[in-house]
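Below is one structure, written out as structure tokens; the observations come after it.
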Amino acid sequence: MEQIPFEGCFGCGPDNKYGLQATFRNMSDGGVEGFFTPKQHHCGYNDVVHVGPITGFLSEVLGRLAFQKDQYYLTQSMKVTFRCSVSPGVRLHAMARMKKYSRSHFTAEAGVYGPDGELIATGEGRFVTMEQAKAKRIAGKGKEC
């Protein structure tokens with residue numbers, strides 16, 4: 001399945017003015033890459049992007065590997081390591097790859113890079129997968145159980 005945006009999503013929602021408005025695409029090698037340009041409202045200290053938006057970006061690019069398997073996902077756990085800070089307005093690039101997959105869950109790893117290729121953060125995560133009907137119920141748009 002393609003990398004589709006969800007309207008109100010914090011990570012990818014194009015109309016969520018407080019969200020990341022990140023974009024994603026499938027890679028030919030089975031990975032996913034994403035792009036995110038932090039804004040001033042994503043900062044903690046003056047002109048330093050808070051770790052929360054970067055962690056959210058990692059969660060999105062990692063989890064979206066499920067779309068390559070025609071499934072949806074929920075983040076179960078993550079470990080993030082930060083290498084350096086980043087300023088708002090700097091376009092970030094992330095690449096994720098699957099480490100282990102089963103029909104019910106998967107593990108993956110990703111890196112977030114600055115415009116010159118410098119490593120900003122790395123992440124590893126475990127994700128629960130689900131079919132579209134269950135995802136719609138969780139989102140409140142489908143038939144109740």
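Chain labels A, B, ... are given in the sequence in which chains occur in the structure tokens; within each chain residues are numbered consecutively from 1, and ligands are likewise numbered from 1 in the order shown.
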Within 12 Å of A:Glu109 using only C-alpha atoms, minus same-chain residues under 6 positions, as a PyMOL selection string: chain A and resi 31-33+58-65+77-81+94-100+121-127
Please write the residues from the selection above to a file, keeping N, CA and C atoms, as a tab-separated table (two decimals), in the first residue's frame.
chain	number	residue	atom	x	y	z
A	31	GLY	N	12.29	-0.51	2.30
A	31	GLY	CA	12.34	0.47	3.38
A	31	GLY	C	11.36	1.60	3.15
A	32	VAL	N	11.34	2.53	4.10
A	32	VAL	CA	10.51	3.74	4.00
A	32	VAL	C	11.41	4.93	4.31
A	33	GLU	N	11.22	6.00	3.57
A	33	GLU	CA	11.92	7.23	3.90
A	33	GLU	C	10.91	8.33	4.15
A	58	LEU	N	10.40	9.63	14.07
A	58	LEU	CA	10.96	8.28	14.03
A	58	LEU	C	9.87	7.22	14.14
A	59	SER	N	8.92	7.42	15.05
A	59	SER	CA	7.83	6.47	15.22
A	59	SER	C	7.04	6.32	13.92
A	60	GLU	N	6.79	7.41	13.25
A	60	GLU	CA	6.05	7.37	11.98
A	60	GLU	C	6.81	6.63	10.89
A	61	VAL	N	8.07	6.97	10.69
A	61	VAL	CA	8.81	6.34	9.59
A	61	VAL	C	9.03	4.86	9.87
A	62	LEU	N	9.24	4.50	11.13
A	62	LEU	CA	9.38	3.09	11.49
A	62	LEU	C	8.07	2.33	11.30
A	63	GLY	N	7.01	2.85	11.86
A	63	GLY	CA	5.72	2.17	11.80
A	63	GLY	C	5.17	2.02	10.40
A	64	ARG	N	5.46	2.99	9.56
A	64	ARG	CA	4.92	2.96	8.20
A	64	ARG	C	5.50	1.84	7.35
A	65	LEU	N	6.47	1.12	7.88
A	65	LEU	CA	6.93	-0.10	7.20
A	65	LEU	C	5.79	-1.11	7.10
A	77	SER	N	6.69	-0.14	21.47
A	77	SER	CA	7.81	0.37	22.26
A	77	SER	C	8.87	0.94	21.32
A	78	MET	N	9.65	1.85	21.85
A	78	MET	CA	10.72	2.48	21.06
A	78	MET	C	11.90	2.81	21.95
A	79	LYS	N	13.07	2.79	21.33
A	79	LYS	CA	14.30	3.28	21.97
A	79	LYS	C	14.90	4.29	21.01
A	80	VAL	N	15.20	5.48	21.51
A	80	VAL	CA	15.74	6.54	20.66
A	80	VAL	C	17.05	7.03	21.27
A	81	THR	N	18.04	7.24	20.40
A	81	THR	CA	19.32	7.80	20.81
A	81	THR	C	19.55	9.07	20.00
A	94	ALA	N	14.66	10.83	7.05
A	94	ALA	CA	14.75	9.59	7.82
A	94	ALA	C	14.63	8.40	6.89
A	95	MET	N	15.33	7.32	7.25
A	95	MET	CA	15.23	6.06	6.51
A	95	MET	C	15.03	4.94	7.52
A	96	ALA	N	14.05	4.07	7.24
A	96	ALA	CA	13.74	2.95	8.12
A	96	ALA	C	13.80	1.64	7.36
A	97	ARG	N	14.17	0.60	8.10
A	97	ARG	CA	14.17	-0.73	7.50
A	97	ARG	C	13.67	-1.74	8.52
A	98	MET	N	13.03	-2.77	8.02
A	98	MET	CA	12.48	-3.84	8.83
A	98	MET	C	13.62	-4.73	9.31
A	99	LYS	N	13.57	-5.11	10.58
A	99	LYS	CA	14.54	-6.08	11.11
A	99	LYS	C	13.93	-7.47	11.18
A	100	LYS	N	12.70	-7.56	11.72
A	100	LYS	CA	12.03	-8.85	11.89
A	100	LYS	C	10.53	-8.63	11.72
A	121	ALA	N	19.60	11.39	14.98
A	121	ALA	CA	19.06	10.44	15.96
A	121	ALA	C	18.87	9.08	15.30
A	122	THR	N	18.89	8.05	16.14
A	122	THR	CA	18.57	6.69	15.69
A	122	THR	C	17.42	6.17	16.54
A	123	GLY	N	16.68	5.24	15.98
A	123	GLY	CA	15.58	4.66	16.72
A	123	GLY	C	15.37	3.20	16.36
A	124	GLU	N	14.92	2.45	17.35
A	124	GLU	CA	14.51	1.06	17.15
A	124	GLU	C	13.14	0.94	17.77
A	125	GLY	N	12.28	0.14	17.15
A	125	GLY	CA	10.94	0.02	17.69
A	125	GLY	C	10.32	-1.33	17.44
A	126	ARG	N	9.30	-1.60	18.24
A	126	ARG	CA	8.46	-2.80	18.07
A	126	ARG	C	7.04	-2.29	17.83
A	127	PHE	N	6.38	-2.85	16.81
A	127	PHE	CA	5.09	-2.37	16.36
A	127	PHE	C	4.11	-3.52	16.24
Exercise: A:Lys39 partners within 9 Å, only C-alpha atoms, chain neighbours under 6 positions left out, as a list of chain:residue names: A:Leu20, A:Val49, A:Ser87, A:Pro88, A:Gly89, A:Val90
Within chain A, find each residue whose DSSP state, derived from the backbone, is strand (DSSP E or B), and express the selection as a PyMOL selection string. chain A and resi 23-26+32-36+43+49+72-82+92-101+105-113+119-130
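Residue nearest A:His93 within the list A:Leu119, A:Gly44, A:Gly34, A:Thr75: A:Gly34 [criterion: smallest interatomic distance, only C-alpha atoms].
Shortest separation to A:Ala108 among A:Val86, A:Phe57, A:Tyr18, A:Ala66 occurs at residue A:Ala66, atoms counted being only C-alpha atoms.
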Residue nearest A:Phe106 among A:Tyr73, A:Glu118, A:Ile4, A:Arg91 (counting only C-alpha atoms): A:Tyr73
Under the rule that only C-alpha atoms are counted, which of A:Phe35, A:Lys69, A:Gly56, A:Lys17 is the nearest residue to A:Thr129? A:Lys69
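Reported to one decimal place, the separation of atom CA of A:His105 from atom CA of A:Gln76 is 9.1 Å.
Between atom CA of A:Phe36 and atom CA of A:Gly13 there is a distance of 11.9 Å.
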A:Gly117 surroundings by only C-alpha atoms, 10 Å radius, close-in-sequence under 4 positions cut, as number ranges by chain: A: 92-93, 112-113
What does the file look like for those residues with C-alpha atoms, as a short mmCIF file (atom, residue, chain, number, x, y, z; two decimals), in the first residue's frame?
data_model
loop_
_atom_site.label_atom_id
_atom_site.label_comp_id
_atom_site.auth_asym_id
_atom_site.auth_seq_id
_atom_site.Cartn_x
_atom_site.Cartn_y
_atom_site.Cartn_z
CA LEU A 92 15.31 16.26 8.12
CA HIS A 93 15.45 12.98 6.24
CA VAL A 112 17.24 10.72 11.09
CA TYR A 113 19.73 12.79 9.12
#
Counting only C-alpha atoms, closest pick from A:Ala22, A:Leu74, A:Cys9, A:Val51 relative to A:Ile120 is A:Val51
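Between A:Arg83 and the candidates A:Ile54, A:Asp29, A:Asp70, A:Ser104, the tightest atom-to-atom separation, counting only C-alpha atoms, involves A:Ile54.
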